[in-house]
>>> print(open('model.txt').read())   # compact mmCIF, N, CA and C atoms and all ligand atoms
# COMPACT_ATOMS: atom_id res chain seq x y z
N MET A 1 95.72 143.64 86.31
CA MET A 1 96.16 143.94 87.68
C MET A 1 95.65 142.89 88.67
N ILE A 2 94.36 142.56 88.54
CA ILE A 2 93.78 141.56 89.44
C ILE A 2 94.46 140.20 89.22
N GLY A 3 94.60 139.86 87.95
CA GLY A 3 95.28 138.61 87.59
C GLY A 3 96.68 138.56 88.16
N ASP A 4 97.37 139.70 88.12
CA ASP A 4 98.73 139.80 88.62
C ASP A 4 98.78 139.49 90.11
N THR A 5 97.83 140.07 90.84
CA THR A 5 97.76 139.85 92.29
C THR A 5 97.48 138.38 92.61
N ALA A 6 96.50 137.83 91.85
CA ALA A 6 96.13 136.43 92.07
C ALA A 6 97.32 135.52 91.84
N LEU A 7 98.10 135.85 90.80
CA LEU A 7 99.26 135.04 90.48
C LEU A 7 100.26 135.06 91.62
N ARG A 8 100.43 136.22 92.21
CA ARG A 8 101.40 136.35 93.29
C ARG A 8 100.99 135.53 94.52
N VAL A 9 99.67 135.41 94.71
CA VAL A 9 99.18 134.66 95.86
C VAL A 9 99.51 133.16 95.73
N VAL A 10 99.30 132.62 94.51
CA VAL A 10 99.52 131.18 94.35
C VAL A 10 100.98 130.82 94.05
N GLU A 11 101.76 131.83 93.61
CA GLU A 11 103.14 131.55 93.24
C GLU A 11 104.02 131.45 94.48
N MET A 12 104.72 130.37 94.61
CA MET A 12 105.58 130.18 95.78
C MET A 12 106.89 130.94 95.60
N ASP A 13 107.38 131.49 96.67
CA ASP A 13 108.70 132.13 96.66
C ASP A 13 109.74 131.15 96.09
N SER A 14 110.40 131.56 95.01
CA SER A 14 111.25 130.60 94.29
C SER A 14 112.48 130.20 95.10
N GLN A 15 112.94 131.08 95.97
CA GLN A 15 114.10 130.73 96.80
C GLN A 15 113.72 129.63 97.81
N LEU A 16 112.53 129.79 98.41
CA LEU A 16 112.06 128.78 99.35
C LEU A 16 111.78 127.46 98.62
N GLU A 17 111.17 127.56 97.46
CA GLU A 17 110.89 126.37 96.66
C GLU A 17 112.19 125.64 96.32
N GLY A 18 113.20 126.41 95.91
CA GLY A 18 114.51 125.82 95.57
C GLY A 18 115.15 125.15 96.77
N PHE A 19 115.06 125.79 97.92
CA PHE A 19 115.63 125.24 99.16
C PHE A 19 114.94 123.94 99.55
N LEU A 20 113.60 123.95 99.53
CA LEU A 20 112.85 122.74 99.92
C LEU A 20 113.08 121.61 98.92
N ASN A 21 113.17 121.95 97.64
CA ASN A 21 113.41 120.91 96.63
C ASN A 21 114.82 120.35 96.74
N LEU A 22 115.78 121.21 97.08
CA LEU A 22 117.16 120.74 97.30
C LEU A 22 117.19 119.73 98.46
N LEU A 23 116.48 120.09 99.54
CA LEU A 23 116.40 119.17 100.69
C LEU A 23 115.70 117.87 100.30
N GLY A 24 114.63 118.00 99.53
CA GLY A 24 113.87 116.81 99.10
C GLY A 24 114.72 115.88 98.25
N GLU A 25 115.51 116.47 97.35
CA GLU A 25 116.39 115.65 96.50
C GLU A 25 117.45 114.95 97.34
N ALA A 26 117.95 115.67 98.36
CA ALA A 26 118.95 115.09 99.26
C ALA A 26 118.35 113.94 100.07
N GLU A 27 117.12 114.13 100.55
CA GLU A 27 116.46 113.08 101.34
C GLU A 27 116.14 111.86 100.49
N ARG A 28 115.74 112.10 99.23
CA ARG A 28 115.47 110.98 98.33
C ARG A 28 116.76 110.19 98.08
N ALA A 29 117.87 110.94 97.90
CA ALA A 29 119.17 110.28 97.73
C ALA A 29 119.53 109.50 98.99
N GLY A 30 119.28 110.11 100.15
CA GLY A 30 119.57 109.45 101.42
C GLY A 30 118.78 108.16 101.56
N GLY A 31 117.51 108.22 101.22
CA GLY A 31 116.66 107.03 101.31
C GLY A 31 117.18 105.91 100.41
N ARG A 32 117.61 106.28 99.20
CA ARG A 32 118.09 105.27 98.26
C ARG A 32 119.41 104.66 98.72
N ILE A 33 120.32 105.50 99.17
CA ILE A 33 121.63 104.97 99.58
C ILE A 33 121.49 104.17 100.88
N LEU A 34 120.57 104.59 101.74
CA LEU A 34 120.37 103.83 102.98
C LEU A 34 119.80 102.44 102.69
N HIS A 35 119.00 102.34 101.66
CA HIS A 35 118.49 101.03 101.26
C HIS A 35 119.65 100.11 100.88
N GLU A 36 120.62 100.67 100.17
CA GLU A 36 121.81 99.88 99.79
C GLU A 36 122.67 99.54 101.00
N LEU A 37 122.88 100.53 101.86
CA LEU A 37 123.72 100.31 103.05
C LEU A 37 123.09 99.28 103.99
N THR A 38 121.76 99.30 104.07
CA THR A 38 121.05 98.33 104.90
C THR A 38 121.39 96.91 104.47
N GLU A 39 121.45 96.70 103.16
CA GLU A 39 121.76 95.36 102.65
C GLU A 39 123.23 94.99 102.82
N GLN A 40 124.08 96.02 102.96
CA GLN A 40 125.52 95.77 103.11
C GLN A 40 125.93 95.55 104.56
N ALA A 41 125.08 95.92 105.51
CA ALA A 41 125.44 95.80 106.92
C ALA A 41 125.54 94.33 107.32
N SER A 42 126.60 94.00 108.05
CA SER A 42 126.75 92.59 108.45
C SER A 42 126.07 92.30 109.78
N SER A 43 125.90 93.32 110.63
CA SER A 43 125.21 93.06 111.90
C SER A 43 123.72 93.37 111.74
N LEU A 44 122.90 92.50 112.35
CA LEU A 44 121.44 92.66 112.23
C LEU A 44 120.96 93.94 112.90
N GLU A 45 121.63 94.31 114.02
CA GLU A 45 121.22 95.51 114.75
C GLU A 45 121.48 96.76 113.90
N LEU A 46 122.65 96.81 113.28
CA LEU A 46 122.95 97.95 112.42
C LEU A 46 122.00 97.98 111.22
N ARG A 47 121.71 96.81 110.70
CA ARG A 47 120.79 96.71 109.56
C ARG A 47 119.42 97.30 109.91
N GLU A 48 118.90 96.94 111.08
CA GLU A 48 117.60 97.48 111.52
C GLU A 48 117.66 98.99 111.70
N MET A 49 118.79 99.46 112.24
CA MET A 49 118.95 100.89 112.49
C MET A 49 118.99 101.66 111.17
N LEU A 50 119.76 101.16 110.21
CA LEU A 50 119.87 101.83 108.91
C LEU A 50 118.53 101.82 108.17
N LYS A 51 117.80 100.73 108.34
CA LYS A 51 116.48 100.63 107.71
C LYS A 51 115.55 101.73 108.24
N LYS A 52 115.61 101.93 109.55
CA LYS A 52 114.79 102.96 110.19
C LYS A 52 115.21 104.36 109.70
N VAL A 53 116.52 104.59 109.62
CA VAL A 53 117.01 105.89 109.15
C VAL A 53 116.54 106.12 107.70
N GLY A 54 116.60 105.06 106.90
CA GLY A 54 116.15 105.14 105.50
C GLY A 54 114.67 105.47 105.39
N HIS A 55 113.87 104.88 106.27
CA HIS A 55 112.44 105.20 106.27
C HIS A 55 112.21 106.66 106.64
N ASP A 56 113.00 107.15 107.60
CA ASP A 56 112.90 108.57 107.97
C ASP A 56 113.19 109.46 106.77
N GLU A 57 114.24 109.11 106.01
CA GLU A 57 114.61 109.91 104.84
C GLU A 57 113.45 109.96 103.84
N GLY A 58 112.83 108.80 103.61
CA GLY A 58 111.70 108.74 102.69
C GLY A 58 110.53 109.57 103.18
N TYR A 59 110.31 109.53 104.50
CA TYR A 59 109.23 110.33 105.10
C TYR A 59 109.50 111.82 104.89
N TYR A 60 110.74 112.26 105.17
CA TYR A 60 111.06 113.68 105.01
C TYR A 60 110.90 114.10 103.55
N ALA A 61 111.34 113.24 102.62
CA ALA A 61 111.24 113.57 101.20
C ALA A 61 109.78 113.78 100.80
N SER A 62 108.90 112.89 101.25
CA SER A 62 107.50 113.02 100.85
C SER A 62 106.82 114.19 101.55
N GLU A 63 107.18 114.45 102.80
CA GLU A 63 106.62 115.62 103.49
C GLU A 63 107.08 116.93 102.85
N LEU A 64 108.35 116.97 102.44
CA LEU A 64 108.86 118.18 101.77
C LEU A 64 108.07 118.44 100.49
N SER A 65 107.82 117.38 99.72
CA SER A 65 107.02 117.52 98.49
C SER A 65 105.63 118.06 98.82
N ALA A 66 105.04 117.53 99.88
CA ALA A 66 103.69 117.97 100.28
C ALA A 66 103.69 119.44 100.68
N HIS A 67 104.73 119.88 101.38
CA HIS A 67 104.80 121.30 101.78
C HIS A 67 104.95 122.20 100.55
N VAL A 68 105.82 121.79 99.60
CA VAL A 68 106.02 122.58 98.37
C VAL A 68 104.68 122.71 97.64
N ARG A 69 103.97 121.60 97.51
CA ARG A 69 102.68 121.59 96.81
C ARG A 69 101.67 122.49 97.53
N ARG A 70 101.60 122.34 98.86
CA ARG A 70 100.66 123.12 99.67
C ARG A 70 100.92 124.62 99.53
N LEU A 71 102.21 125.00 99.42
CA LEU A 71 102.57 126.41 99.35
C LEU A 71 102.55 126.95 97.91
N GLY A 72 102.07 126.12 96.98
CA GLY A 72 101.88 126.60 95.61
C GLY A 72 103.04 126.36 94.67
N GLY A 73 104.04 125.59 95.10
CA GLY A 73 105.20 125.31 94.26
C GLY A 73 105.09 123.96 93.56
N THR A 74 106.15 123.61 92.85
CA THR A 74 106.22 122.34 92.14
C THR A 74 107.32 121.48 92.76
N PRO A 75 106.95 120.36 93.36
CA PRO A 75 107.98 119.52 93.99
C PRO A 75 108.91 118.90 92.95
N SER A 76 110.18 118.85 93.27
CA SER A 76 111.16 118.18 92.40
C SER A 76 111.01 116.66 92.58
N THR A 77 111.21 115.94 91.49
CA THR A 77 111.18 114.47 91.59
C THR A 77 112.59 113.90 91.41
N LYS A 78 113.58 114.79 91.37
CA LYS A 78 114.97 114.34 91.16
C LYS A 78 115.55 113.71 92.41
N THR A 79 116.61 112.95 92.21
CA THR A 79 117.36 112.37 93.33
C THR A 79 118.75 113.01 93.32
N GLY A 80 119.21 113.47 94.48
CA GLY A 80 120.51 114.15 94.58
C GLY A 80 121.68 113.24 94.22
N ASP A 81 122.83 113.87 93.92
CA ASP A 81 124.01 113.10 93.50
C ASP A 81 124.73 112.42 94.67
N PHE A 82 124.15 112.54 95.85
CA PHE A 82 124.76 111.93 97.04
C PHE A 82 124.84 110.40 96.91
N VAL A 83 123.89 109.82 96.16
CA VAL A 83 123.89 108.37 95.95
C VAL A 83 125.23 107.93 95.34
N GLU A 84 125.63 108.61 94.26
CA GLU A 84 126.88 108.27 93.58
C GLU A 84 128.09 108.55 94.46
N LYS A 85 128.03 109.63 95.23
CA LYS A 85 129.15 109.98 96.11
C LYS A 85 129.41 108.89 97.13
N VAL A 86 128.33 108.38 97.73
CA VAL A 86 128.50 107.32 98.75
C VAL A 86 128.93 106.02 98.09
N ARG A 87 128.34 105.70 96.94
CA ARG A 87 128.71 104.46 96.24
C ARG A 87 130.19 104.45 95.88
N ALA A 88 130.76 105.64 95.62
CA ALA A 88 132.15 105.73 95.18
C ALA A 88 133.15 105.44 96.31
N VAL A 89 132.68 105.46 97.56
CA VAL A 89 133.58 105.17 98.69
C VAL A 89 133.76 103.66 98.80
N ALA A 90 135.03 103.22 98.84
CA ALA A 90 135.32 101.79 98.72
C ALA A 90 134.87 100.97 99.93
N ASP A 91 135.10 101.48 101.14
CA ASP A 91 134.80 100.64 102.32
C ASP A 91 133.50 101.05 103.00
N PHE A 92 132.88 100.07 103.63
CA PHE A 92 131.56 100.25 104.23
C PHE A 92 131.58 101.32 105.33
N ARG A 93 132.61 101.27 106.17
CA ARG A 93 132.73 102.25 107.26
C ARG A 93 132.83 103.68 106.70
N GLY A 94 133.59 103.84 105.64
CA GLY A 94 133.73 105.14 104.99
C GLY A 94 132.41 105.64 104.42
N ARG A 95 131.61 104.70 103.92
CA ARG A 95 130.30 105.08 103.38
C ARG A 95 129.39 105.58 104.50
N LEU A 96 129.48 104.92 105.67
CA LEU A 96 128.67 105.36 106.82
C LEU A 96 129.11 106.74 107.31
N ASP A 97 130.45 106.96 107.33
CA ASP A 97 130.95 108.28 107.74
C ASP A 97 130.46 109.37 106.79
N LEU A 98 130.48 109.07 105.49
CA LEU A 98 130.00 110.04 104.50
C LEU A 98 128.49 110.27 104.66
N LEU A 99 127.76 109.20 104.97
CA LEU A 99 126.33 109.33 105.22
C LEU A 99 126.08 110.35 106.33
N ASN A 100 126.80 110.22 107.44
CA ASN A 100 126.58 111.14 108.56
C ASN A 100 127.03 112.56 108.22
N ARG A 101 128.08 112.69 107.38
CA ARG A 101 128.46 114.04 106.94
C ARG A 101 127.33 114.65 106.13
N GLY A 102 126.70 113.85 105.28
CA GLY A 102 125.55 114.33 104.49
C GLY A 102 124.39 114.72 105.38
N GLN A 103 124.18 113.95 106.44
CA GLN A 103 123.08 114.25 107.36
C GLN A 103 123.35 115.57 108.11
N ARG A 104 124.64 115.81 108.44
CA ARG A 104 125.00 117.07 109.10
C ARG A 104 124.78 118.26 108.15
N TRP A 105 125.06 118.04 106.87
CA TRP A 105 124.84 119.09 105.85
C TRP A 105 123.36 119.49 105.85
N VAL A 106 122.47 118.51 105.97
CA VAL A 106 121.03 118.78 105.97
C VAL A 106 120.66 119.67 107.17
N ILE A 107 121.19 119.34 108.34
CA ILE A 107 120.91 120.15 109.54
C ILE A 107 121.41 121.58 109.33
N ARG A 108 122.63 121.71 108.78
CA ARG A 108 123.21 123.02 108.54
C ARG A 108 122.33 123.84 107.58
N LYS A 109 121.88 123.20 106.51
CA LYS A 109 121.02 123.90 105.53
C LYS A 109 119.73 124.38 106.18
N ILE A 110 119.14 123.54 107.02
CA ILE A 110 117.90 123.93 107.71
C ILE A 110 118.17 125.12 108.63
N GLU A 111 119.27 125.03 109.39
CA GLU A 111 119.61 126.12 110.32
C GLU A 111 119.86 127.43 109.57
N GLU A 112 120.53 127.34 108.43
CA GLU A 112 120.84 128.55 107.64
C GLU A 112 119.58 129.21 107.08
N ASN A 113 118.57 128.42 106.79
CA ASN A 113 117.38 128.93 106.10
C ASN A 113 116.16 129.12 106.99
N SER A 114 116.21 128.62 108.24
CA SER A 114 115.00 128.60 109.06
C SER A 114 114.48 130.01 109.36
N ALA A 115 115.36 131.00 109.44
CA ALA A 115 114.92 132.36 109.76
C ALA A 115 114.05 132.95 108.66
N THR A 116 114.21 132.45 107.43
CA THR A 116 113.44 133.01 106.31
C THR A 116 112.10 132.29 106.10
N VAL A 117 111.88 131.22 106.87
CA VAL A 117 110.63 130.45 106.72
C VAL A 117 109.53 131.12 107.52
N ARG A 118 108.48 131.58 106.84
CA ARG A 118 107.39 132.30 107.53
C ARG A 118 106.21 131.40 107.84
N ASP A 119 106.06 130.33 107.08
CA ASP A 119 104.92 129.44 107.30
C ASP A 119 105.15 128.60 108.57
N PRO A 120 104.26 128.72 109.57
CA PRO A 120 104.52 128.04 110.85
C PRO A 120 104.51 126.51 110.75
N HIS A 121 103.68 125.95 109.87
CA HIS A 121 103.64 124.49 109.71
C HIS A 121 104.96 123.98 109.14
N LEU A 122 105.45 124.70 108.13
CA LEU A 122 106.73 124.33 107.54
C LEU A 122 107.87 124.51 108.55
N GLY A 123 107.82 125.60 109.31
CA GLY A 123 108.86 125.86 110.31
C GLY A 123 108.92 124.74 111.34
N ALA A 124 107.75 124.30 111.80
CA ALA A 124 107.68 123.22 112.78
C ALA A 124 108.21 121.91 112.19
N PHE A 125 107.80 121.64 110.94
CA PHE A 125 108.27 120.42 110.28
C PHE A 125 109.80 120.43 110.16
N LEU A 126 110.37 121.56 109.72
CA LEU A 126 111.82 121.62 109.52
C LEU A 126 112.57 121.47 110.85
N ALA A 127 111.99 122.01 111.93
CA ALA A 127 112.63 121.86 113.25
C ALA A 127 112.65 120.39 113.66
N VAL A 128 111.53 119.70 113.42
CA VAL A 128 111.44 118.27 113.75
C VAL A 128 112.38 117.45 112.84
N MET A 129 112.46 117.87 111.59
CA MET A 129 113.34 117.17 110.65
C MET A 129 114.81 117.32 111.05
N ALA A 130 115.20 118.52 111.48
CA ALA A 130 116.59 118.73 111.93
C ALA A 130 116.87 117.88 113.17
N ASP A 131 115.92 117.88 114.11
CA ASP A 131 116.09 117.08 115.33
C ASP A 131 116.17 115.59 115.01
N GLY A 132 115.32 115.14 114.09
CA GLY A 132 115.35 113.73 113.68
C GLY A 132 116.71 113.37 113.10
N HIS A 133 117.31 114.29 112.36
CA HIS A 133 118.64 114.04 111.81
C HIS A 133 119.69 113.95 112.93
N ARG A 134 119.57 114.82 113.94
CA ARG A 134 120.51 114.75 115.07
C ARG A 134 120.41 113.39 115.76
N VAL A 135 119.20 112.92 115.96
CA VAL A 135 118.98 111.62 116.61
C VAL A 135 119.61 110.49 115.77
N ASN A 136 119.37 110.53 114.46
CA ASN A 136 119.87 109.46 113.60
C ASN A 136 121.39 109.49 113.46
N ILE A 137 121.97 110.69 113.46
CA ILE A 137 123.44 110.79 113.43
C ILE A 137 124.00 110.18 114.71
N GLY A 138 123.39 110.51 115.85
CA GLY A 138 123.84 109.98 117.14
C GLY A 138 123.70 108.47 117.21
N ALA A 139 122.60 107.95 116.68
CA ALA A 139 122.36 106.50 116.71
C ALA A 139 123.42 105.77 115.90
N LEU A 140 123.78 106.31 114.75
CA LEU A 140 124.81 105.67 113.92
C LEU A 140 126.18 105.78 114.59
N GLU A 141 126.48 106.95 115.17
CA GLU A 141 127.76 107.09 115.88
C GLU A 141 127.87 106.09 117.03
N ASP A 142 126.78 105.92 117.78
CA ASP A 142 126.77 104.96 118.89
C ASP A 142 126.99 103.53 118.37
N ALA A 143 126.32 103.20 117.29
CA ALA A 143 126.46 101.86 116.71
C ALA A 143 127.90 101.61 116.29
N LEU A 144 128.54 102.60 115.70
CA LEU A 144 129.93 102.43 115.25
C LEU A 144 130.86 102.33 116.45
N LYS A 145 130.57 103.07 117.53
CA LYS A 145 131.38 102.98 118.75
C LYS A 145 131.27 101.59 119.36
N LYS A 146 130.07 101.00 119.26
CA LYS A 146 129.87 99.64 119.78
C LYS A 146 130.55 98.60 118.90
N GLY A 147 131.05 99.03 117.77
CA GLY A 147 131.75 98.13 116.86
C GLY A 147 130.85 97.44 115.85
N LEU A 148 129.60 97.89 115.76
CA LEU A 148 128.69 97.31 114.76
C LEU A 148 129.04 97.86 113.37
N ALA A 149 129.06 97.01 112.39
CA ALA A 149 129.33 97.47 111.02
C ALA A 149 128.81 96.46 110.01
FE FE B 201 118.64 113.10 105.57
>>> encode(input="model.txt", output="structure tokens", more="lines below")
Ligand SMILES: [Fe+2]
Amino acid sequence: MIGDTALRVVEMDSQLEGFLNLLGEAERAGGRILHELTEQASSLELREMLKKVGHDEGYYASELSAHVRRLGGTPSTKTGDFVEKVRAVADFRGRLDLLNRGQRWVIRKIEENSATVRDPHLGAFLAVMADGHRVNIGALEDALKKGLA
């Protein structure tokens, strides 16, 4: 009985663990594809912007792993299939549009799940992560409006 209770304390809610690992895999995929897109950008300004967005993705991926570990779960080391999806798009502009669609998906997932997050540190992190995605989506949209590609 005591062992059972102790187990429950250290065991992370599997739904939350699955959600955070899904986000982590998506961010890892985002970081990898952004590294490729950075090299494909012809304008230096867009290149710098994509590099920064890619660093953000890497930061979110590592923070998500840290939260999973802190809450008693096992962080996923997988990379999401988003890398292949973006690579499959023939033109550079189309790849950027798909990137922003993927970033919007991340915001939607956070919004859908935020009510079930009880840990205040994780809740604050996810709110900042969603906001960071809004900023990066806007920055890319502005760059494309300016004609940078
Ligand atoms: Fe992302």
>>> residues_around(input="model.txt", residues="range 126-138 of chain A", least_positions_apart="3", cutoff="6.5 Å", atoms="all atoms listed in the file", output="list of chain:residue names")
A:Val53, A:Asn100, A:Gln103, A:Val106, A:Ile107, A:His121, A:Leu122, A:Gly123, A:Glu141, A:Asp142, A:Ala143
>>> residues_around(input="model.txt", residues="Thr38 in chain A", least_positions_apart="2", cutoff="6 Å", atoms="all atoms listed in the file", output="list in words")
Ile33, Leu34, His35, Glu36, Gln40, Ala41, Arg47, Leu50 and Lys51 of chain A
>>> write_last_selection(input="model.txt", atoms="N, CA and C atoms", output="compact mmCIF listing (two decimals), in the coordinates of the input")
# COMPACT_ATOMS: atom_id res chain seq x y z
N ILE A 33 120.32 105.50 99.17
CA ILE A 33 121.63 104.97 99.58
C ILE A 33 121.49 104.17 100.88
N LEU A 34 120.57 104.59 101.74
CA LEU A 34 120.37 103.83 102.98
C LEU A 34 119.80 102.44 102.69
N HIS A 35 119.00 102.34 101.66
CA HIS A 35 118.49 101.03 101.26
C HIS A 35 119.65 100.11 100.88
N GLU A 36 120.62 100.67 100.17
CA GLU A 36 121.81 99.88 99.79
C GLU A 36 122.67 99.54 101.00
N GLN A 40 124.08 96.02 102.96
CA GLN A 40 125.52 95.77 103.11
C GLN A 40 125.93 95.55 104.56
N ALA A 41 125.08 95.92 105.51
CA ALA A 41 125.44 95.80 106.92
C ALA A 41 125.54 94.33 107.32
N ARG A 47 121.71 96.81 110.70
CA ARG A 47 120.79 96.71 109.56
C ARG A 47 119.42 97.30 109.91
N LEU A 50 119.76 101.16 110.21
CA LEU A 50 119.87 101.83 108.91
C LEU A 50 118.53 101.82 108.17
N LYS A 51 117.80 100.73 108.34
CA LYS A 51 116.48 100.63 107.71
C LYS A 51 115.55 101.73 108.24
>>> axis_aligned_box(input="model.txt", around="range 96-114 of chain A", padding_each_side="8 Å", output="AutoDock Vina command-line options")
--center_x 122.7 --center_y 117.5 --center_z 107.4 --size_x 32.5 --size_y 41.1 --size_z 21.8
>>> residues_near_ligand(input="model.txt", ligand="ligand FE 201 (chain B)", cutoff="7 Å", atoms="only N, CA and C atoms and all ligand atoms", output="CSV table (one decimal) with N, CA and C atoms, in the coordinates of the input")
chain,number,residue,atom,x,y,z
A,26,ALA,N,118.0,115.7,98.4
A,26,ALA,CA,119.0,115.1,99.3
A,26,ALA,C,118.4,113.9,100.1
A,27,GLU,N,117.1,114.1,100.6
A,27,GLU,CA,116.5,113.1,101.3
A,27,GLU,C,116.1,111.9,100.5
A,30,GLY,N,119.3,110.1,100.2
A,30,GLY,CA,119.6,109.4,101.4
A,30,GLY,C,118.8,108.2,101.6
A,31,GLY,N,117.5,108.2,101.2
A,31,GLY,CA,116.7,107.0,101.3
A,31,GLY,C,117.2,105.9,100.4
A,56,ASP,N,113.0,107.2,107.6
A,56,ASP,CA,112.9,108.6,108.0
A,56,ASP,C,113.2,109.5,106.8
A,57,GLU,N,114.2,109.1,106.0
A,57,GLU,CA,114.6,109.9,104.8
A,57,GLU,C,113.4,110.0,103.8
A,102,GLY,N,126.7,113.8,105.3
A,102,GLY,CA,125.6,114.3,104.5
A,102,GLY,C,124.4,114.7,105.4
A,103,GLN,N,124.2,114.0,106.4
A,103,GLN,CA,123.1,114.2,107.4
A,103,GLN,C,123.4,115.6,108.1
A,106,VAL,N,122.5,118.5,106.0
A,106,VAL,CA,121.0,118.8,106.0
A,106,VAL,C,120.7,119.7,107.2
A,133,HIS,N,117.3,114.3,112.4
A,133,HIS,CA,118.6,114.0,111.8
A,133,HIS,C,119.7,114.0,112.9
>>> select_by_dssp(input="model.txt", residues="range 19-121 of chain A", states="helix (DSSP H, G or I)", output="ChimeraX atom specification")
/A:19-40,44-70,82-87,92-116,120-121
>>> residues_around(input="model.txt", residues="Arg93 in chain A", least_positions_apart="4", cutoff="7 Å", atoms="only N, CA and C atoms", output="ChimeraX atom specification")
/A:97-98,149
>>> residues_around(input="model.txt", residues="range 84-90 of chain A", least_positions_apart="4", cutoff="8 Å", atoms="only N, CA and C atoms", output="compact mmCIF listing (two decimals) with N, CA and C atoms, in the frame of the given file")
# COMPACT_ATOMS: atom_id res chain seq x y z
N ALA A 29 117.87 110.94 97.90
CA ALA A 29 119.17 110.28 97.73
C ALA A 29 119.53 109.50 98.99
N ILE A 33 120.32 105.50 99.17
CA ILE A 33 121.63 104.97 99.58
C ILE A 33 121.49 104.17 100.88
N GLY A 80 119.21 113.47 94.48
CA GLY A 80 120.51 114.15 94.58
C GLY A 80 121.68 113.24 94.22
N GLY A 94 133.59 103.84 105.64
CA GLY A 94 133.73 105.14 104.99
C GLY A 94 132.41 105.64 104.42
N ARG A 95 131.61 104.70 103.92
CA ARG A 95 130.30 105.08 103.38
C ARG A 95 129.39 105.58 104.50
N LEU A 96 129.48 104.92 105.67
CA LEU A 96 128.67 105.36 106.82
C LEU A 96 129.11 106.74 107.31
N LEU A 98 130.48 109.07 105.49
CA LEU A 98 130.00 110.04 104.50
C LEU A 98 128.49 110.27 104.66
N LEU A 99 127.76 109.20 104.97
CA LEU A 99 126.33 109.33 105.22
C LEU A 99 126.08 110.35 106.33
>>> atom_distance(input="model.txt", atom1="CA of Glu25 in chain A", atom2="CA of Phe92 in chain A")
23.0 Å
>>> atom_distance(input="model.txt", atom1="atom C of Lys145 in chain A", atom2="atom C of Ser43 in chain A")
13.5 Å
>>> residues_around(input="model.txt", residues="Gly73 in chain A", least_positions_apart="6", cutoff="8 Å", atoms="only N, CA and C atoms", output="PyMOL selection string")
chain A and resi 10-13+17+65+67
>>> atom_distance(input="model.txt", atom1="atom N of Lys146 in chain A", atom2="atom C of His55 in chain A")
22.6 Å
